[in-house]
$ cat upload-v4.txt   # compact mmCIF, C-alpha atoms and all ligand atoms
# COMPACT_ATOMS: atom_id res chain seq x y z
CA MET Z 1 176.31 107.37 61.43
CA ARG Z 2 172.92 107.40 59.93
CA GLN Z 3 170.19 105.40 61.65
CA THR Z 4 167.35 103.87 59.85
CA PHE Z 5 163.93 103.68 61.46
CA GLN Z 6 161.14 101.45 60.56
CA ALA Z 7 158.03 103.33 59.63
CA PRO Z 8 155.27 103.04 62.28
CA PRO Z 9 152.52 100.61 61.42
CA ALA Z 10 149.63 102.11 59.56
CA GLN Z 11 146.83 103.32 61.81
CA LYS Z 12 143.86 101.10 61.93
CA GLN Z 13 140.58 102.62 60.98
CA LEU Z 14 138.52 103.16 64.14
CA PRO Z 15 135.45 100.93 64.21
CA THR Z 16 132.19 102.76 63.91
CA ALA Z 17 130.07 103.42 66.99
CA ARG Z 18 127.62 100.89 65.65
CA LEU Z 19 130.21 98.16 65.44
CA LEU Z 20 131.54 98.92 68.92
CA ARG Z 21 128.03 98.74 70.32
CA HIS Z 22 127.45 95.48 68.54
CA ALA Z 23 130.65 93.97 69.92
CA PHE Z 24 129.76 95.14 73.41
CA LEU Z 25 126.31 93.59 73.23
CA LEU Z 26 127.74 90.31 71.96
CA ALA Z 27 130.20 90.19 74.83
CA GLU Z 28 127.50 91.12 77.34
CA ALA Z 29 125.15 88.44 76.04
CA ASN Z 30 127.32 85.89 77.82
CA ASN Z 31 126.68 87.65 81.12
CA VAL Z 32 122.92 87.82 80.86
CA GLN Z 33 122.37 84.62 82.79
CA ASP Z 34 124.63 85.91 85.53
CA TYR Z 35 122.81 89.23 85.71
CA ARG Z 36 119.48 87.45 85.75
CA SER Z 37 120.57 85.27 88.64
CA GLN Z 38 121.80 88.31 90.53
CA ILE Z 39 118.54 90.14 90.05
CA LEU Z 40 116.51 87.10 91.03
CA SER Z 41 118.67 86.43 94.10
CA THR Z 42 116.90 89.04 96.13
CA PHE Z 43 115.32 87.53 99.20
CA GLY Z 44 114.34 88.74 102.64
CA THR Z 45 112.59 88.03 105.91
CA VAL Z 46 110.16 90.96 105.92
CA MET Z 47 108.12 91.31 102.74
CA LYS Z 48 105.96 94.21 101.74
CA MET Z 49 103.42 94.03 99.01
CA ASP Z 50 101.71 97.14 97.80
CA SER Z 51 99.91 98.41 94.77
CA THR Z 52 99.85 101.79 93.18
CA LYS Z 53 98.33 103.38 90.13
CA LYS Z 54 100.92 106.12 90.01
CA VAL Z 55 103.67 104.33 88.09
CA VAL Z 56 101.26 102.99 85.52
CA LYS Z 57 100.14 106.48 84.60
CA LYS Z 58 103.65 107.09 83.32
CA LEU Z 59 103.45 104.31 80.75
CA SER Z 60 103.75 105.70 77.26
CA GLY Z 61 103.88 104.42 73.71
CA GLN Z 62 102.25 101.10 72.85
CA GLY Z 63 101.82 100.09 76.49
CA ARG Z 64 99.85 103.19 77.30
CA GLY Z 65 96.55 102.39 78.96
CA SER Z 66 97.20 98.63 78.91
CA ALA Z 67 97.65 98.28 82.66
CA GLU Z 68 95.92 99.73 85.68
CA TRP Z 69 97.97 98.59 88.64
CA PHE Z 70 101.62 98.28 89.55
CA THR Z 71 102.04 95.81 92.37
CA SER Z 72 105.42 95.11 93.91
CA ILE Z 73 106.85 92.90 96.61
CA GLY Z 74 109.79 94.47 98.40
CA ASN Z 75 112.03 93.32 101.23
CA GLU Z 76 113.35 94.97 104.40
CA TYR Z 77 116.17 96.58 102.43
CA SER Z 78 113.67 98.33 100.14
CA GLN Z 79 114.80 96.08 97.30
CA ILE Z 80 112.19 94.94 94.83
CA VAL Z 81 111.83 91.18 94.96
CA SER Z 82 109.22 91.08 92.21
CA PHE Z 83 106.64 93.24 90.53
CA VAL Z 84 103.83 92.96 88.06
CA LEU Z 85 101.60 95.22 86.01
CA THR Z 86 97.98 94.14 85.95
CA CYS Z 87 94.68 95.37 84.62
CA GLU Z 88 92.97 94.82 87.96
CA GLU Z 89 94.03 94.36 91.51
CA SER Z 90 92.67 90.94 92.36
CA ALA Z 91 94.12 87.90 94.07
CA GLN Z 92 93.61 85.98 90.85
CA LYS Z 93 95.69 88.39 88.77
CA LEU Z 94 98.44 88.61 91.37
CA GLN Z 95 98.62 84.87 91.97
CA PRO Z 96 101.25 84.10 89.27
CA MET Z 97 103.68 86.64 90.74
CA CYS Z 98 103.18 85.32 94.27
CA ARG Z 99 103.62 81.77 93.05
CA GLY Z 100 106.83 82.74 91.25
CA VAL Z 101 108.32 84.42 94.31
CA MET Z 102 107.48 81.49 96.57
CA ASP Z 103 108.99 79.06 94.07
CA ARG Z 104 112.10 81.17 93.80
CA PHE Z 105 112.57 81.17 97.58
CA GLN Z 106 112.13 77.43 97.68
CA LEU Z 107 114.56 76.73 94.83
CA ALA Z 108 117.19 78.84 96.59
CA TYR Z 109 116.59 77.08 99.94
CA GLN Z 110 115.54 80.37 101.50
CA PRO Z 111 113.43 80.22 104.68
CA VAL Z 112 109.83 81.40 104.64
CA PRO Z 113 109.70 85.16 105.39
CA LYS Z 114 108.66 86.08 108.93
CA ILE Z 115 106.25 88.89 108.10
CA LEU Z 116 104.29 90.04 105.09
CA TYR Z 117 103.05 93.62 105.16
CA ILE Z 118 100.10 94.33 102.94
CA ASP Z 119 98.00 97.40 102.31
CA ARG Z 120 94.65 95.61 102.10
CA GLY Z 121 93.00 92.22 102.47
CA CYS Z 122 94.44 91.49 105.92
CA CYS Z 123 91.28 90.20 107.53
CA ARG Z 124 87.93 88.93 106.46
CA ASP Z 125 84.77 87.90 108.21
CA GLN Z 126 84.58 84.47 106.66
CA GLY Z 127 86.91 82.16 104.76
CA PRO Z 128 90.56 82.71 103.92
CA THR Z 129 91.83 86.23 103.31
CA ALA Z 130 93.28 87.36 99.98
CA ALA Z 131 96.78 87.23 101.47
CA GLU Z 132 96.21 83.70 102.71
CA THR Z 133 95.06 82.59 99.30
CA MET Z 134 97.94 84.23 97.47
CA PHE Z 135 100.68 83.10 99.85
CA GLN Z 136 99.27 79.76 101.03
CA GLU Z 137 102.67 78.06 101.37
CA TRP Z 138 104.27 80.87 103.30
CA PHE Z 139 101.19 81.12 105.43
CA ASP Z 140 101.47 77.42 106.24
CA GLY Z 141 105.13 78.08 107.04
CA ALA Z 142 104.08 80.35 109.93
CA MET Z 143 104.53 83.67 108.16
CA VAL Z 144 102.63 86.46 109.92
CA VAL Z 145 100.51 88.87 107.86
CA ARG Z 146 100.31 92.46 109.02
CA LEU Z 147 98.55 95.54 107.73
CA ASP Z 148 100.95 98.37 106.91
CA ILE Z 149 100.60 100.77 109.85
CA PHE Z 150 101.05 103.93 107.84
CA HIS Z 151 98.66 102.80 105.20
CA TRP Z 152 96.11 102.24 107.94
CA ILE Z 153 96.69 105.74 109.33
CA HIS Z 154 96.31 107.30 105.88
CA ARG Z 155 92.90 105.68 105.48
CA PHE Z 156 91.59 108.39 107.77
CA ASP Z 157 92.51 110.98 105.14
CA ALA Z 158 89.51 109.86 103.12
CA ALA Z 159 87.22 111.10 105.89
CA VAL Z 160 88.52 114.63 105.63
CA ARG Z 161 87.77 116.86 102.73
CA THR Z 162 90.15 119.63 103.68
CA ASP Z 163 93.57 118.40 104.69
CA SER Z 164 94.37 121.91 105.80
CA HIS Z 165 92.16 121.75 108.86
CA SER Z 166 94.57 122.49 111.70
CA LYS Z 167 92.84 120.14 114.11
CA TYR Z 168 93.20 117.31 111.66
CA GLY Z 169 96.99 117.64 111.59
CA VAL Z 170 97.04 117.28 115.37
CA PHE Z 171 94.68 114.33 115.12
CA LYS Z 172 96.93 112.60 112.56
CA SER Z 173 99.97 112.81 114.81
CA ALA Z 174 97.81 111.65 117.73
CA LEU Z 175 96.89 108.63 115.59
CA ALA Z 176 100.55 107.81 114.93
CA GLY Z 177 101.31 108.30 118.62
CA ALA Z 178 98.43 106.02 119.59
CA VAL Z 179 99.84 103.18 117.52
CA LEU Z 180 103.57 103.65 118.07
CA ALA Z 181 105.50 104.85 121.12
CA TYR Z 182 109.10 106.05 121.18
CA ASN Z 183 111.70 103.86 122.84
CA ARG Z 184 112.68 105.65 126.06
CA THR Z 185 116.36 104.59 126.08
CA ASP Z 186 116.87 105.66 122.46
CA LEU Z 187 115.21 109.00 123.11
CA GLU Z 188 117.39 109.64 126.17
CA LEU Z 189 120.55 108.90 124.20
CA LEU Z 190 119.47 111.31 121.46
CA ILE Z 191 118.71 114.03 124.02
CA LYS Z 192 122.14 113.45 125.57
CA ALA Z 193 123.75 113.87 122.14
CA ILE Z 194 121.86 117.12 121.46
CA ARG Z 195 122.78 118.49 124.88
CA ALA Z 196 126.45 117.65 124.34
CA LYS Z 197 126.67 120.54 121.88
CA ASP Z 198 126.54 123.08 124.67
CA PRO Z 199 126.17 121.39 128.08
CA ASP Z 200 126.03 124.65 130.03
CA THR Z 201 123.15 126.16 128.09
CA PHE Z 202 121.23 122.88 127.75
CA LYS Z 203 121.49 122.13 131.46
CA SER Z 204 118.50 124.35 132.12
CA VAL Z 205 116.43 123.18 129.10
CA LEU Z 206 113.73 120.65 129.97
CA GLU Z 207 113.83 117.26 128.27
CA GLN Z 208 110.57 117.80 126.41
CA ASP Z 209 111.76 121.19 125.19
CA VAL Z 210 114.96 119.67 123.84
CA VAL Z 211 112.82 117.25 121.83
CA ARG Z 212 110.37 119.94 120.77
CA LEU Z 213 112.86 122.64 119.81
CA TYR Z 214 116.19 121.02 118.95
CA VAL Z 215 115.54 117.50 117.72
CA THR Z 216 114.74 117.24 114.01
CA ARG Z 217 112.14 114.86 112.58
CA GLY Z 218 114.91 113.01 110.77
CA GLN Z 219 116.86 112.50 113.99
CA LEU Z 220 113.78 111.10 115.72
CA GLN Z 221 113.06 108.84 112.81
CA HIS Z 222 116.57 107.44 112.47
CA HIS Z 223 117.79 107.26 116.04
CA VAL Z 224 114.70 106.43 118.09
CA ARG Z 225 113.00 103.10 117.59
CA ARG Z 226 109.26 102.84 118.00
CA VAL Z 227 107.17 100.04 119.46
CA THR Z 228 103.51 99.24 118.94
CA LEU Z 229 101.45 99.79 122.07
CA GLY Z 230 99.06 96.86 121.83
CA ALA Z 231 95.51 96.85 120.46
CA GLN Z 232 93.84 97.81 123.74
CA GLU Z 233 96.06 100.79 124.50
CA THR Z 234 95.83 101.97 120.88
CA PHE Z 235 92.04 101.73 121.07
CA ARG Z 236 91.99 103.78 124.27
CA LEU Z 237 94.25 106.51 122.88
CA ILE Z 238 92.45 106.85 119.55
CA HIS Z 239 89.12 106.94 121.34
CA LEU Z 240 90.43 109.86 123.42
CA ALA Z 241 91.76 111.65 120.32
CA ILE Z 242 88.40 111.31 118.59
CA GLU Z 243 86.56 112.58 121.67
CA GLU Z 244 88.84 115.59 121.61
CA LEU Z 245 88.04 116.18 117.95
CA LYS Z 246 84.35 116.34 118.76
CA GLY Z 247 84.50 120.12 118.86
CA LEU Z 248 85.10 119.91 115.14
CA ALA Z 249 81.72 120.99 113.89
CA GLY Z 250 79.80 119.50 110.99
CA PRO Z 251 80.00 116.28 109.03
CA GLU Z 252 83.78 116.04 109.25
CA TRP Z 253 83.82 114.65 112.76
CA ARG Z 254 81.07 112.20 111.90
CA ALA Z 255 83.04 110.98 108.89
CA ILE Z 256 86.19 110.50 110.96
CA ASN Z 257 84.25 108.67 113.65
CA GLU Z 258 82.64 106.42 111.05
CA MET Z 259 86.07 105.62 109.63
CA TRP Z 260 87.26 104.79 113.14
CA VAL Z 261 84.34 102.42 113.71
CA GLY Z 262 85.18 100.65 110.45
CA GLN Z 263 88.91 100.50 111.06
CA GLN Z 264 88.81 99.19 114.63
CA ARG Z 265 88.86 95.62 113.46
CA HIS Z 266 92.40 96.09 112.16
CA LEU Z 267 93.90 97.11 115.50
CA GLU Z 268 95.33 93.62 115.95
CA CYS Z 269 96.59 93.53 112.34
CA ILE Z 270 98.86 96.54 112.85
CA GLN Z 271 100.64 95.33 116.00
CA ASP Z 272 104.25 94.15 115.75
CA PRO Z 273 104.47 90.38 116.07
CA PRO Z 274 105.59 89.54 119.63
CA GLY Z 275 109.32 89.08 120.13
CA MET Z 276 110.24 90.31 116.69
CA ASN Z 277 113.04 92.86 116.33
CA MET Z 278 111.58 95.52 114.07
CA TYR Z 279 114.80 97.42 113.37
CA ARG Z 280 118.28 96.84 112.08
CA VAL Z 281 121.26 99.07 112.72
CA ALA Z 282 122.46 100.42 109.38
CA ARG Z 283 125.45 102.33 110.73
CA THR Z 284 126.61 104.53 113.59
CA THR Z 285 126.23 108.30 113.49
CA THR Z 286 128.13 110.66 115.75
CA ILE Z 287 126.27 113.75 116.98
CA ASN Z 288 128.33 116.16 119.09
CA GLY Z 289 130.77 113.39 119.96
CA VAL Z 290 128.05 110.94 121.02
CA ASP Z 291 127.69 107.73 119.01
CA LEU Z 292 124.14 106.84 118.02
CA PRO Z 293 122.89 103.79 116.12
CA TYR Z 294 121.21 104.69 112.84
CA TYR Z 295 118.15 102.46 112.71
CA LYS Z 296 116.24 101.24 109.71
CA SER Z 297 112.69 100.12 110.33
CA LEU Z 298 111.51 96.81 108.90
CA ARG Z 299 107.91 97.91 109.22
CA GLY Z 300 105.67 98.89 106.34
CA CYS Z 301 106.52 101.49 103.82
CA ASN Z 302 109.22 104.00 104.67
CA SER Z 303 108.06 106.72 102.35
CA LEU Z 304 104.70 106.68 104.05
CA GLU Z 305 106.44 106.73 107.39
CA LEU Z 306 108.17 109.91 106.35
CA LYS Z 307 104.88 111.49 105.40
CA ALA Z 308 103.33 110.55 108.72
CA ASN Z 309 106.17 112.29 110.51
CA GLU Z 310 105.92 115.36 108.36
CA SER Z 311 102.38 115.94 109.46
CA SER Z 312 103.32 115.68 113.13
ZN ZN X 401 92.96 93.59 109.30
$ encode --input "upload-v4.txt" --output "structure tokens"
Amino acid sequence: MRQTFQAPPAQKQLPTARLLRHAFLLAEANNVQDYRSQILSTFGTVMKMDSTKKVVKKLSGQGRGSAEWFTSIGNEYSQIVSFVLTCEESAQKLQPMCRGVMDRFQLAYQPVPKILYIDRGCCRDQGPTAAETMFQEWFDGAMVVRLDIFHWIHRFDAAVRTDSHSKYGVFKSALAGAVLAYNRTDLELLIKAIRAKDPDTFKSVLEQDVVRLYVTRGQLQHHVRRVTLGAQETFRLIHLAIEELKGLAGPEWRAINEMWVGQQRHLECIQDPPGMNMYRVARTTTINGVDLPYYKSLRGCNSLELKANESS
């Protein structure tokens, strides 16, 4: 018996790429408000504001040369809460961004952040500081302003013409060590984990040698929390480090010492606020069968923190 088949429907002409793109954009237009809300729903309890000229240099086309500074406010998760491009780095020019962020927090019923890290303008001899002026409401809401520790340490770079001076590298790590100390319990746990690889061999290796020879910078950074030592102790330790540098002949030592005299007033500004937990546990890492918390620091800028460790 013969069967009859219906002919398949005629193929539709594929829409052009242009039409597809158009349809996609039309459909996405409905989501813009949602995306906008998502982007603007970034909050936090530890804010960091810093400025750089680097990003602006990359501007091309019509915008080229129209801005000098890129200033951003980030949170403890390294998310950008807001940013602005300005022609100068003044409180007046940054005010609208600060106002906008504070309004956004208020509209979303978010509490005032606990700390604001800044890279300049932390203290002033008279009158309100730039940070106070820009973040008046948050300041009134008991937010603490701190100077970014690693930014403060890098200020000493300006006093040295040749970064390659071997003594200066030692001095830089002495600076970091004078401000921040390693948490003993965390360090012991890390040493235990390293030793677990080969207990017999490591039995005879001294603790400090385990740290010196077998612990990587990354492991120290991620598994050992650091605490600020207090302004007095930091002063004492840096004073010692500078005395030790004295052998450094010529104007270099004088420049470093001058920097130190000028930067002493910020020793209080770089201390962790009392009672504040400066780390969060991001995950757990297992090293040689030993579980270690993987910490993320809430303090200052992480990329600078990395650099500070590299030089140690
Ligand atoms: Zn200060």
$ closest_residue --input "upload-v4.txt" --among "Z:Ser82, Z:Thr228, Z:Asn183, Z:Gln271" --to "Leu40 in chain Z" --atoms "only C-alpha atoms"
Z:Ser82
$ closest_residue --input "upload-v4.txt" --among "Z:Glu252, Z:Glu233, Z:Glu188, Z:Asp125" --to "ligand ZN 401 (chain X)" --atoms "all atoms listed in the file"
Z:Asp125
$ residues_near_ligand --input "upload-v4.txt" --ligand "ligand ZN 401 (chain X)" --cutoff "12 Å" --atoms "all atoms listed in the file" --output "number ranges by chain"
Z: 117-125, 129-131, 145-149, 151-152, 231, 262-271
$ residues_around --input "upload-v4.txt" --residues "Arg195 in chain Z" --least-positions-apart "6" --cutoff "8 Å" --atoms "only C-alpha atoms" --output "list in words"
Phe202, Lys203 and Val210 of chain Z
$ write_last_selection --input "upload-v4.txt" --atoms "C-alpha atoms" --output "PDB file, in the coordinates of the input"
ATOM      1  CA  PHE Z 202     121.230 122.880 127.750  1.00  0.00           C
ATOM      2  CA  LYS Z 203     121.490 122.130 131.460  1.00  0.00           C
ATOM      3  CA  VAL Z 210     114.960 119.670 123.840  1.00  0.00           C
TER       4      VAL Z 210
END
$ closest_residue --input "upload-v4.txt" --among "Z:Ile73, Z:Leu237, Z:Ala158, Z:Val224" --to "Ser173 in chain Z" --atoms "only C-alpha atoms"
Z:Leu237
$ atom_distance --input "upload-v4.txt" --atom1 "CA of Lys296 in chain Z" --atom2 "CA of Arg280 in chain Z"
5.4 Å
$ closest_atom_pairs --input "upload-v4.txt" --of "range 90-145 of chain Z" --to "range 77-81 of chain Z" --cutoff "12 Å" --atoms "all atoms listed in the file" --output "CSV"
residue,atom,partner,partner_atom,distance
Z:Met97,CA,Z:Val81,CA,10.2
Z:Cys98,CA,Z:Val81,CA,10.5
Z:Gly100,CA,Z:Val81,CA,10.5
Z:Val101,CA,Z:Val81,CA,7.6
Z:Met102,CA,Z:Val81,CA,10.7
Z:Arg104,CA,Z:Val81,CA,10.1
Z:Phe105,CA,Z:Val81,CA,10.4
$ atom_distance --input "upload-v4.txt" --atom1 "CA of His239 in chain Z" --atom2 "CA of Arg299 in chain Z"
24.1 Å
$ residues_near_point --input "upload-v4.txt" --point "(113.4, 78.1, 100.6)" --cutoff "12 Å" --atoms "all atoms listed in the file" --output "ChimeraX atom specification"
/Z:41,43-45,101-113,137-138,141
$ closest_residue --input "upload-v4.txt" --among "Z:Thr234, Z:Ala142, Z:His222, Z:Ala193" --to "Pro273 in chain Z" --atoms "only C-alpha atoms"
Z:Ala142
$ atom_distance --input "upload-v4.txt" --atom1 "CA of Trp69 in chain Z" --atom2 "CA of Glu88 in chain Z"
6.3 Å
$ closest_residue --input "upload-v4.txt" --among "Z:Phe24, Z:Thr185, Z:Val170, Z:His223" --to "Ile287 in chain Z" --atoms "only C-alpha atoms"
Z:His223
$ closest_residue --input "upload-v4.txt" --among "Z:Ile256, Z:Ala7, Z:Ile39, Z:Met134" --to "Ile242 in chain Z" --atoms "only C-alpha atoms"
Z:Ile256
$ residues_around --input "upload-v4.txt" --residues "Leu175 in chain Z" --least-positions-apart "4" --cutoff "8 Å" --atoms "only C-alpha atoms" --output "PyMOL selection string"
chain Z and resi 153+171+179+238+241
